[in-house]
>>> print(open('structure_18.cif').read())   # mmCIF, C-alpha atoms and all ligand atoms
data_protein
#
loop_
_atom_site.group_PDB
_atom_site.id
_atom_site.type_symbol
_atom_site.label_atom_id
_atom_site.label_comp_id
_atom_site.auth_asym_id
_atom_site.auth_seq_id
_atom_site.Cartn_x
_atom_site.Cartn_y
_atom_site.Cartn_z
ATOM 1 C CA MET W 1 -29.756 -114.862 -141.339
ATOM 2 C CA GLU W 2 -32.620 -117.011 -140.054
ATOM 3 C CA PRO W 3 -34.976 -118.200 -142.823
ATOM 4 C CA LEU W 4 -38.312 -116.367 -142.919
ATOM 5 C CA ARG W 5 -41.059 -118.306 -141.136
ATOM 6 C CA ILE W 6 -44.068 -118.188 -143.422
ATOM 7 C CA GLY W 7 -47.341 -119.773 -142.361
ATOM 8 C CA VAL W 8 -49.484 -121.456 -144.981
ATOM 9 C CA LEU W 9 -53.110 -121.774 -143.948
ATOM 10 C CA ALA W 10 -53.687 -125.512 -144.210
ATOM 11 C CA VAL W 11 -57.349 -126.044 -143.381
ATOM 12 C CA GLN W 12 -58.127 -126.867 -147.032
ATOM 13 C CA GLY W 13 -56.912 -126.276 -150.585
ATOM 14 C CA ASN W 14 -53.523 -125.833 -152.290
ATOM 15 C CA PHE W 15 -51.304 -125.371 -149.260
ATOM 16 C CA ARG W 16 -48.686 -127.997 -150.170
ATOM 17 C CA GLU W 17 -47.793 -126.315 -153.446
ATOM 18 C CA HIS W 18 -47.314 -122.982 -151.695
ATOM 19 C CA ALA W 19 -45.163 -124.584 -149.003
ATOM 20 C CA HIS W 20 -43.046 -126.251 -151.679
ATOM 21 C CA MET W 21 -42.464 -122.974 -153.502
ATOM 22 C CA LEU W 22 -41.627 -121.100 -150.298
ATOM 23 C CA ARG W 23 -39.117 -123.784 -149.340
ATOM 24 C CA ARG W 24 -37.554 -123.530 -152.785
ATOM 25 C CA LEU W 25 -37.040 -119.823 -152.144
ATOM 26 C CA GLY W 26 -35.249 -120.480 -148.855
ATOM 27 C CA ALA W 27 -38.135 -119.719 -146.480
ATOM 28 C CA ASP W 28 -39.351 -121.987 -143.697
ATOM 29 C CA PRO W 29 -43.044 -122.790 -144.413
ATOM 30 C CA VAL W 30 -45.267 -123.785 -141.486
ATOM 31 C CA GLU W 31 -48.700 -125.387 -141.939
ATOM 32 C CA ILE W 32 -51.279 -123.463 -139.905
ATOM 33 C CA ARG W 33 -54.447 -125.080 -138.578
ATOM 34 C CA LYS W 34 -54.892 -123.409 -135.168
ATOM 35 C CA PRO W 35 -54.881 -119.764 -134.023
ATOM 36 C CA GLU W 36 -51.892 -120.190 -131.678
ATOM 37 C CA GLN W 37 -49.718 -121.325 -134.587
ATOM 38 C CA LEU W 38 -49.795 -117.776 -135.965
ATOM 39 C CA THR W 39 -47.488 -116.600 -133.177
ATOM 40 C CA GLY W 40 -43.961 -115.881 -134.318
ATOM 41 C CA LEU W 41 -44.668 -116.005 -138.051
ATOM 42 C CA ASP W 42 -43.093 -113.417 -140.357
ATOM 43 C CA GLY W 43 -45.908 -113.710 -142.926
ATOM 44 C CA LEU W 44 -48.824 -115.875 -144.018
ATOM 45 C CA VAL W 45 -50.161 -117.353 -147.250
ATOM 46 C CA ILE W 46 -53.870 -118.106 -147.655
ATOM 47 C CA PRO W 47 -54.109 -120.530 -150.584
ATOM 48 C CA GLY W 48 -56.762 -121.305 -153.153
ATOM 49 C CA GLY W 49 -59.513 -123.796 -152.417
ATOM 50 C CA GLU W 50 -63.153 -123.175 -151.693
ATOM 51 C CA SER W 51 -63.873 -119.912 -149.930
ATOM 52 C CA THR W 52 -67.138 -121.012 -148.276
ATOM 53 C CA THR W 53 -65.375 -124.050 -146.807
ATOM 54 C CA PHE W 54 -62.483 -121.849 -145.697
ATOM 55 C CA MET W 55 -64.791 -119.449 -143.888
ATOM 56 C CA ARG W 56 -66.673 -122.272 -142.199
ATOM 57 C CA LEU W 57 -63.531 -124.054 -140.997
ATOM 58 C CA MET W 58 -61.829 -120.834 -139.956
ATOM 59 C CA GLN W 59 -64.833 -119.874 -137.830
ATOM 60 C CA LEU W 60 -64.900 -123.349 -136.328
ATOM 61 C CA TYR W 61 -61.229 -123.132 -135.257
ATOM 62 C CA GLY W 62 -61.329 -119.442 -134.247
ATOM 63 C CA LEU W 63 -58.916 -118.631 -137.047
ATOM 64 C CA ASP W 64 -61.084 -115.795 -138.381
ATOM 65 C CA ASP W 65 -60.539 -113.609 -135.297
ATOM 66 C CA ALA W 66 -56.912 -114.690 -135.072
ATOM 67 C CA LEU W 67 -56.349 -113.616 -138.679
ATOM 68 C CA ARG W 68 -57.963 -110.234 -138.019
ATOM 69 C CA ALA W 69 -55.470 -109.764 -135.169
ATOM 70 C CA PHE W 70 -52.465 -110.989 -137.208
ATOM 71 C CA ASP W 71 -50.298 -108.009 -138.126
ATOM 72 C CA ARG W 72 -47.742 -109.446 -140.555
ATOM 73 C CA PRO W 73 -47.863 -109.545 -144.395
ATOM 74 C CA VAL W 74 -50.461 -111.833 -145.963
ATOM 75 C CA PHE W 75 -50.583 -113.255 -149.505
ATOM 76 C CA GLY W 76 -54.044 -114.497 -150.530
ATOM 77 C CA THR W 77 -54.450 -116.458 -153.748
ATOM 78 C CA CYS W 78 -57.779 -117.265 -155.407
ATOM 79 C CA ALA W 79 -60.111 -118.363 -152.569
ATOM 80 C CA GLY W 80 -57.481 -116.753 -150.299
ATOM 81 C CA MET W 81 -58.170 -113.440 -152.002
ATOM 82 C CA ILE W 82 -61.933 -113.899 -151.534
ATOM 83 C CA VAL W 83 -61.678 -114.495 -147.787
ATOM 84 C CA LEU W 84 -59.600 -111.315 -147.307
ATOM 85 C CA ASP W 85 -62.107 -108.999 -149.037
ATOM 86 C CA ARG W 86 -64.686 -106.565 -147.605
ATOM 87 C CA ASP W 87 -67.449 -109.165 -147.448
ATOM 88 C CA HIS W 88 -65.447 -111.836 -145.595
ATOM 89 C CA LEU W 89 -62.584 -111.074 -143.184
ATOM 90 C CA GLY W 90 -62.690 -107.401 -144.212
ATOM 91 C CA LEU W 91 -58.897 -107.045 -144.250
ATOM 92 C CA VAL W 92 -58.402 -105.777 -147.816
ATOM 93 C CA ASP W 93 -60.426 -102.872 -149.228
ATOM 94 C CA VAL W 94 -61.690 -104.702 -152.311
ATOM 95 C CA SER W 95 -64.921 -106.408 -153.328
ATOM 96 C CA VAL W 96 -64.316 -109.692 -155.035
ATOM 97 C CA ARG W 97 -66.690 -111.534 -157.334
ATOM 98 C CA ARG W 98 -66.490 -115.323 -156.962
ATOM 99 C CA ASN W 99 -66.361 -117.562 -160.050
ATOM 100 C CA ALA W 100 -66.297 -114.349 -162.045
ATOM 101 C CA PHE W 101 -64.979 -115.839 -165.276
ATOM 102 C CA GLY W 102 -67.696 -118.503 -165.273
ATOM 103 C CA ARG W 103 -67.500 -121.892 -163.545
ATOM 104 C CA GLN W 104 -65.568 -124.912 -164.885
ATOM 105 C CA VAL W 105 -65.228 -123.568 -168.436
ATOM 106 C CA ALA W 106 -63.422 -120.512 -167.265
ATOM 107 C CA SER W 107 -60.325 -122.252 -165.988
ATOM 108 C CA PHE W 108 -57.540 -120.974 -168.228
ATOM 109 C CA GLU W 109 -53.894 -119.979 -168.413
ATOM 110 C CA THR W 110 -52.577 -116.705 -169.705
ATOM 111 C CA ASP W 111 -49.438 -114.557 -169.874
ATOM 112 C CA LEU W 112 -50.083 -111.673 -167.573
ATOM 113 C CA ALA W 113 -48.418 -108.264 -167.759
ATOM 114 C CA VAL W 114 -47.554 -107.424 -164.155
ATOM 115 C CA ALA W 115 -46.530 -103.948 -162.997
ATOM 116 C CA GLY W 116 -42.841 -103.969 -162.153
ATOM 117 C CA GLU W 117 -42.021 -107.168 -164.115
ATOM 118 C CA GLU W 118 -40.316 -107.020 -167.481
ATOM 119 C CA GLU W 119 -41.421 -110.474 -168.599
ATOM 120 C CA PRO W 120 -45.080 -111.561 -168.374
ATOM 121 C CA VAL W 121 -46.100 -113.913 -165.591
ATOM 122 C CA ARG W 122 -47.736 -117.210 -166.562
ATOM 123 C CA ALA W 123 -50.976 -117.303 -164.593
ATOM 124 C CA VAL W 124 -53.308 -120.261 -163.999
ATOM 125 C CA PHE W 125 -56.937 -119.316 -163.287
ATOM 126 C CA ILE W 126 -59.215 -121.990 -161.804
ATOM 127 C CA ARG W 127 -62.855 -120.980 -161.296
ATOM 128 C CA ALA W 128 -61.252 -117.706 -160.451
ATOM 129 C CA PRO W 129 -62.634 -114.565 -158.890
ATOM 130 C CA TRP W 130 -61.857 -111.054 -160.057
ATOM 131 C CA VAL W 131 -61.771 -107.793 -158.178
ATOM 132 C CA GLU W 132 -64.952 -105.854 -158.767
ATOM 133 C CA GLU W 133 -64.202 -102.715 -156.740
ATOM 134 C CA VAL W 134 -61.032 -101.328 -155.220
ATOM 135 C CA GLY W 135 -60.646 -98.795 -152.406
ATOM 136 C CA PRO W 136 -58.316 -95.785 -152.759
ATOM 137 C CA GLY W 137 -55.368 -97.466 -150.987
ATOM 138 C CA VAL W 138 -55.264 -100.429 -153.338
ATOM 139 C CA GLU W 139 -52.632 -100.686 -156.052
ATOM 140 C CA VAL W 140 -53.731 -102.801 -159.031
ATOM 141 C CA LEU W 141 -50.736 -104.748 -160.398
ATOM 142 C CA ALA W 142 -52.363 -106.787 -163.193
ATOM 143 C CA GLU W 143 -55.670 -107.077 -165.034
ATOM 144 C CA VAL W 144 -57.479 -109.485 -167.342
ATOM 145 C CA ASP W 145 -60.072 -107.859 -169.623
ATOM 146 C CA GLY W 146 -59.928 -104.709 -167.534
ATOM 147 C CA ARG W 147 -60.600 -106.610 -164.282
ATOM 148 C CA PRO W 148 -57.962 -106.460 -161.531
ATOM 149 C CA VAL W 149 -56.493 -109.914 -160.788
ATOM 150 C CA LEU W 150 -53.392 -108.928 -158.802
ATOM 151 C CA ALA W 151 -53.355 -106.136 -156.244
ATOM 152 C CA ARG W 152 -51.548 -104.848 -153.209
ATOM 153 C CA GLU W 153 -52.786 -102.869 -150.262
ATOM 154 C CA GLY W 154 -50.044 -102.170 -147.743
ATOM 155 C CA ARG W 155 -48.900 -105.501 -146.300
ATOM 156 C CA PHE W 156 -51.516 -107.472 -148.268
ATOM 157 C CA LEU W 157 -50.935 -109.015 -151.674
ATOM 158 C CA VAL W 158 -53.863 -110.717 -153.426
ATOM 159 C CA ALA W 159 -53.980 -112.755 -156.644
ATOM 160 C CA ALA W 160 -57.066 -114.170 -158.375
ATOM 161 C CA PHE W 161 -54.920 -116.938 -159.890
ATOM 162 C CA HIS W 162 -52.550 -119.674 -158.687
ATOM 163 C CA PRO W 163 -48.879 -118.616 -158.714
ATOM 164 C CA GLU W 164 -48.026 -121.789 -156.765
ATOM 165 C CA LEU W 165 -49.026 -123.996 -159.726
ATOM 166 C CA THR W 166 -46.360 -122.795 -162.178
ATOM 167 C CA ASP W 167 -42.575 -122.803 -162.125
ATOM 168 C CA ASP W 168 -42.532 -119.036 -161.970
ATOM 169 C CA THR W 169 -41.457 -117.987 -158.477
ATOM 170 C CA ARG W 170 -41.550 -114.214 -159.008
ATOM 171 C CA LEU W 171 -44.764 -113.473 -157.120
ATOM 172 C CA HIS W 172 -43.690 -115.499 -154.103
ATOM 173 C CA GLU W 173 -40.358 -113.663 -154.252
ATOM 174 C CA ARG W 174 -42.229 -110.351 -154.260
ATOM 175 C CA PHE W 175 -44.199 -111.499 -151.256
ATOM 176 C CA LEU W 176 -41.007 -112.460 -149.414
ATOM 177 C CA ASP W 177 -39.564 -109.022 -150.279
ATOM 178 C CA LEU W 178 -42.673 -107.482 -148.734
ATOM 179 C CA VAL W 179 -42.152 -109.616 -145.617
ATOM 180 C CA ARG W 180 -38.510 -108.454 -145.374
ATOM 181 C CA GLU W 181 -39.524 -104.804 -145.833
ATOM 182 C CA GLU W 182 -42.078 -105.068 -143.032
ATOM 183 C CA LEU W 183 -39.536 -106.786 -140.763
ATOM 184 C CA SER W 184 -37.031 -104.002 -141.292
ATOM 185 C CA VAL W 185 -39.717 -101.501 -140.280
ATOM 186 C CA VAL W 186 -40.540 -103.494 -137.138
ATOM 187 C CA ARG W 187 -36.888 -103.913 -136.168
ATOM 188 C CA ALA W 188 -35.759 -100.379 -137.038
HETATM 189 N N1 LIG E 201 -64.208 -120.824 -156.890
HETATM 190 C C1 LIG E 201 -63.557 -120.884 -155.621
HETATM 191 C C2 LIG E 201 -64.316 -120.055 -154.576
HETATM 192 O O1 LIG E 201 -65.200 -119.355 -154.906
HETATM 193 C C3 LIG E 201 -62.134 -120.370 -155.717
HETATM 194 C C4 LIG E 201 -61.378 -121.249 -156.658
HETATM 195 C C5 LIG E 201 -59.948 -121.434 -156.303
HETATM 196 O O2 LIG E 201 -59.477 -121.081 -155.215
HETATM 197 N N2 LIG E 201 -59.258 -122.059 -157.209
HETATM 198 O O3 LIG E 201 -64.032 -120.146 -153.424
#
>>> encode(input="structure_18.cif", output="structure tokens", more="lines below")
Ligand code: GLN
Amino acid sequence: MEPLRIGVLAVQGNFREHAHMLRRLGADPVEIRKPEQLTGLDGLVIPGGESTTFMRLMQLYGLDDALRAFDRPVFGTCAGMIVLDRDHLGLVDVSVRRNAFGRQVASFETDLAVAGEEEPVRAVFIRAPWVEEVGPGVEVLAEVDGRPVLAREGRFLVAAFHPELTDDTRLHERFLDLVREELSVVRA
């Protein structure tokens, strides 16, 4: 079978680490900087970074409209989760609070209980957001202090933390499973 072609938005932020992890899992990561590069992708990762910079650069390159038209699975991590929410691209029915745990001080690591995983997931939070409100179609998969930090809505997976910065590949594997599920629907 052809490897899955997964775009990694590469305008800013932690895109190399995501690409590295995707390659490790047998996918073919593609760095995305222009709208036309979204064509032919099986899925897309929007990495962490700085959400205001992301929005500015995406608008500059026309990537915001292109992302709204993109119909494949998307995995947004940290700033990537922020840009997908109701107040930014409006693609996921959640409201996200930026720097919710506090600014620099609130960068921390924790073992996270994740729905569907037997062993906890080591999660790195860096000036992380949390999910403040979720719509009815959103499935919360993990929380810290009662605040959702991992959630899924249909073909969207969002994490407040940085799964690309640990050795734990399980969340990227889950995303690739989601991509395969969606492909089987499209091809059926
Ligand atoms: N604090 C950043 C923001 O608000 C997100 C931090 C991150 O992606 N590590 O955009």
>>> residues_around(input="structure_18.cif", residues="Arg155 of chain W", least_positions_apart="5", cutoff="10 Å", atoms="only C-alpha atoms", output="list in words")
Gly43, Asp71, Arg72, Pro73, Val74, Phe75, Val92, Phe175, Leu178, Val179, Glu181 and Glu182 of chain W
>>> residues_near_ligand(input="structure_18.cif", ligand="ligand LIG 201 (chain E)", cutoff="8 Å", atoms="all atoms listed in the file", output="CSV table (one decimal) with C-alpha atoms, in the coordinates of the input")
chain,number,residue,atom,x,y,z
W,13,GLY,CA,-56.9,-126.3,-150.6
W,47,PRO,CA,-54.1,-120.5,-150.6
W,48,GLY,CA,-56.8,-121.3,-153.2
W,49,GLY,CA,-59.5,-123.8,-152.4
W,50,GLU,CA,-63.2,-123.2,-151.7
W,51,SER,CA,-63.9,-119.9,-149.9
W,52,THR,CA,-67.1,-121.0,-148.3
W,53,THR,CA,-65.4,-124.0,-146.8
W,77,THR,CA,-54.4,-116.5,-153.7
W,78,CYS,CA,-57.8,-117.3,-155.4
W,79,ALA,CA,-60.1,-118.4,-152.6
W,80,GLY,CA,-57.5,-116.8,-150.3
W,82,ILE,CA,-61.9,-113.9,-151.5
W,98,ARG,CA,-66.5,-115.3,-157.0
W,99,ASN,CA,-66.4,-117.6,-160.0
W,103,ARG,CA,-67.5,-121.9,-163.5
W,125,PHE,CA,-56.9,-119.3,-163.3
W,126,ILE,CA,-59.2,-122.0,-161.8
W,127,ARG,CA,-62.9,-121.0,-161.3
W,128,ALA,CA,-61.3,-117.7,-160.5
W,129,PRO,CA,-62.6,-114.6,-158.9
W,160,ALA,CA,-57.1,-114.2,-158.4
W,161,PHE,CA,-54.9,-116.9,-159.9
W,162,HIS,CA,-52.6,-119.7,-158.7
>>> closest_residue(input="structure_18.cif", among="W:Ala151, W:Leu165, W:Leu157, W:Val185", to="Met21 of chain W", atoms="all atoms listed in the file")
W:Leu165
>>> residues_around(input="structure_18.cif", residues="Thr166 of chain W", least_positions_apart="6", cutoff="10 Å", atoms="only C-alpha atoms", output="ChimeraX atom specification")
/W:17,21,121-124
>>> resolve_selection(input="structure_18.cif", expression="the PyMOL selection byres (((chain W and resi 115) around 8) and not hetatm)", output="ChimeraX atom specification")
/W:113-114,116-117,141-142
>>> resolve_selection(input="structure_18.cif", expression="the PyMOL selection byres (((chain W and resi 33) around 12) and not hetatm)", output="compact mmCIF listing (two decimals) with C-alpha atoms, in the coordinates of the input")
# COMPACT_ATOMS: atom_id res chain seq x y z
CA GLY W 7 -47.34 -119.77 -142.36
CA VAL W 8 -49.48 -121.46 -144.98
CA LEU W 9 -53.11 -121.77 -143.95
CA ALA W 10 -53.69 -125.51 -144.21
CA VAL W 11 -57.35 -126.04 -143.38
CA GLN W 12 -58.13 -126.87 -147.03
CA PHE W 15 -51.30 -125.37 -149.26
CA VAL W 30 -45.27 -123.78 -141.49
CA GLU W 31 -48.70 -125.39 -141.94
CA ILE W 32 -51.28 -123.46 -139.90
CA LYS W 34 -54.89 -123.41 -135.17
CA PRO W 35 -54.88 -119.76 -134.02
CA GLU W 36 -51.89 -120.19 -131.68
CA GLN W 37 -49.72 -121.32 -134.59
CA LEU W 38 -49.80 -117.78 -135.96
CA ILE W 46 -53.87 -118.11 -147.66
CA PHE W 54 -62.48 -121.85 -145.70
CA LEU W 57 -63.53 -124.05 -141.00
CA MET W 58 -61.83 -120.83 -139.96
CA GLN W 59 -64.83 -119.87 -137.83
CA LEU W 60 -64.90 -123.35 -136.33
CA TYR W 61 -61.23 -123.13 -135.26
CA GLY W 62 -61.33 -119.44 -134.25
CA LEU W 63 -58.92 -118.63 -137.05
CA ASP W 64 -61.08 -115.80 -138.38
CA ALA W 66 -56.91 -114.69 -135.07
CA LEU W 67 -56.35 -113.62 -138.68
>>> residues_around(input="structure_18.cif", residues="Leu4 of chain W", least_positions_apart="6", cutoff="10 Å", atoms="all atoms listed in the file", output="ChimeraX atom specification")
/W:22-23,25-29,41-43,176,179-180,183
>>> write_last_selection(input="structure_18.cif", atoms="C-alpha atoms", output="PDB file, in the coordinates of the input")
ATOM      1  CA  LEU W  22     -41.627-121.100-150.298  1.00  0.00           C
ATOM      2  CA  ARG W  23     -39.117-123.784-149.340  1.00  0.00           C
ATOM      3  CA  LEU W  25     -37.040-119.823-152.144  1.00  0.00           C
ATOM      4  CA  GLY W  26     -35.249-120.480-148.855  1.00  0.00           C
ATOM      5  CA  ALA W  27     -38.135-119.719-146.480  1.00  0.00           C
ATOM      6  CA  ASP W  28     -39.351-121.987-143.697  1.00  0.00           C
ATOM      7  CA  PRO W  29     -43.044-122.790-144.413  1.00  0.00           C
ATOM      8  CA  LEU W  41     -44.668-116.005-138.051  1.00  0.00           C
ATOM      9  CA  ASP W  42     -43.093-113.417-140.357  1.00  0.00           C
ATOM     10  CA  GLY W  43     -45.908-113.710-142.926  1.00  0.00           C
ATOM     11  CA  LEU W 176     -41.007-112.460-149.414  1.00  0.00           C
ATOM     12  CA  VAL W 179     -42.152-109.616-145.617  1.00  0.00           C
ATOM     13  CA  ARG W 180     -38.510-108.454-145.374  1.00  0.00           C
ATOM     14  CA  LEU W 183     -39.536-106.786-140.763  1.00  0.00           C
TER      15      LEU W 183
END
>>> resolve_selection(input="structure_18.cif", expression="the PyMOL selection byres (((chain W and resi 131) around 9) and not hetatm)", output="ChimeraX atom specification")
/W:94-98,100,129-130,132-134,147-151,160
>>> write_last_selection(input="structure_18.cif", atoms="C-alpha atoms", output="PDB file, keeping the file's coordinate frame")
ATOM      1  CA  VAL W  94     -61.690-104.702-152.311  1.00  0.00           C
ATOM      2  CA  SER W  95     -64.921-106.408-153.328  1.00  0.00           C
ATOM      3  CA  VAL W  96     -64.316-109.692-155.035  1.00  0.00           C
ATOM      4  CA  ARG W  97     -66.690-111.534-157.334  1.00  0.00           C
ATOM      5  CA  ARG W  98     -66.490-115.323-156.962  1.00  0.00           C
ATOM      6  CA  ALA W 100     -66.297-114.349-162.045  1.00  0.00           C
ATOM      7  CA  PRO W 129     -62.634-114.565-158.890  1.00  0.00           C
ATOM      8  CA  TRP W 130     -61.857-111.054-160.057  1.00  0.00           C
ATOM      9  CA  GLU W 132     -64.952-105.854-158.767  1.00  0.00           C
ATOM     10  CA  GLU W 133     -64.202-102.715-156.740  1.00  0.00           C
ATOM     11  CA  VAL W 134     -61.032-101.328-155.220  1.00  0.00           C
ATOM     12  CA  ARG W 147     -60.600-106.610-164.282  1.00  0.00           C
ATOM     13  CA  PRO W 148     -57.962-106.460-161.531  1.00  0.00           C
ATOM     14  CA  VAL W 149     -56.493-109.914-160.788  1.00  0.00           C
ATOM     15  CA  LEU W 150     -53.392-108.928-158.802  1.00  0.00           C
ATOM     16  CA  ALA W 151     -53.355-106.136-156.244  1.00  0.00           C
ATOM     17  CA  ALA W 160     -57.066-114.170-158.375  1.00  0.00           C
TER      18      ALA W 160
END
>>> atom_distance(input="structure_18.cif", atom1="atom CA of Leu89 of chain W", atom2="atom CA of Val158 of chain W")
13.5 Å
>>> atom_distance(input="structure_18.cif", atom1="atom CA of Val83 of chain W", atom2="atom CA of Met55 of chain W")
7.0 Å
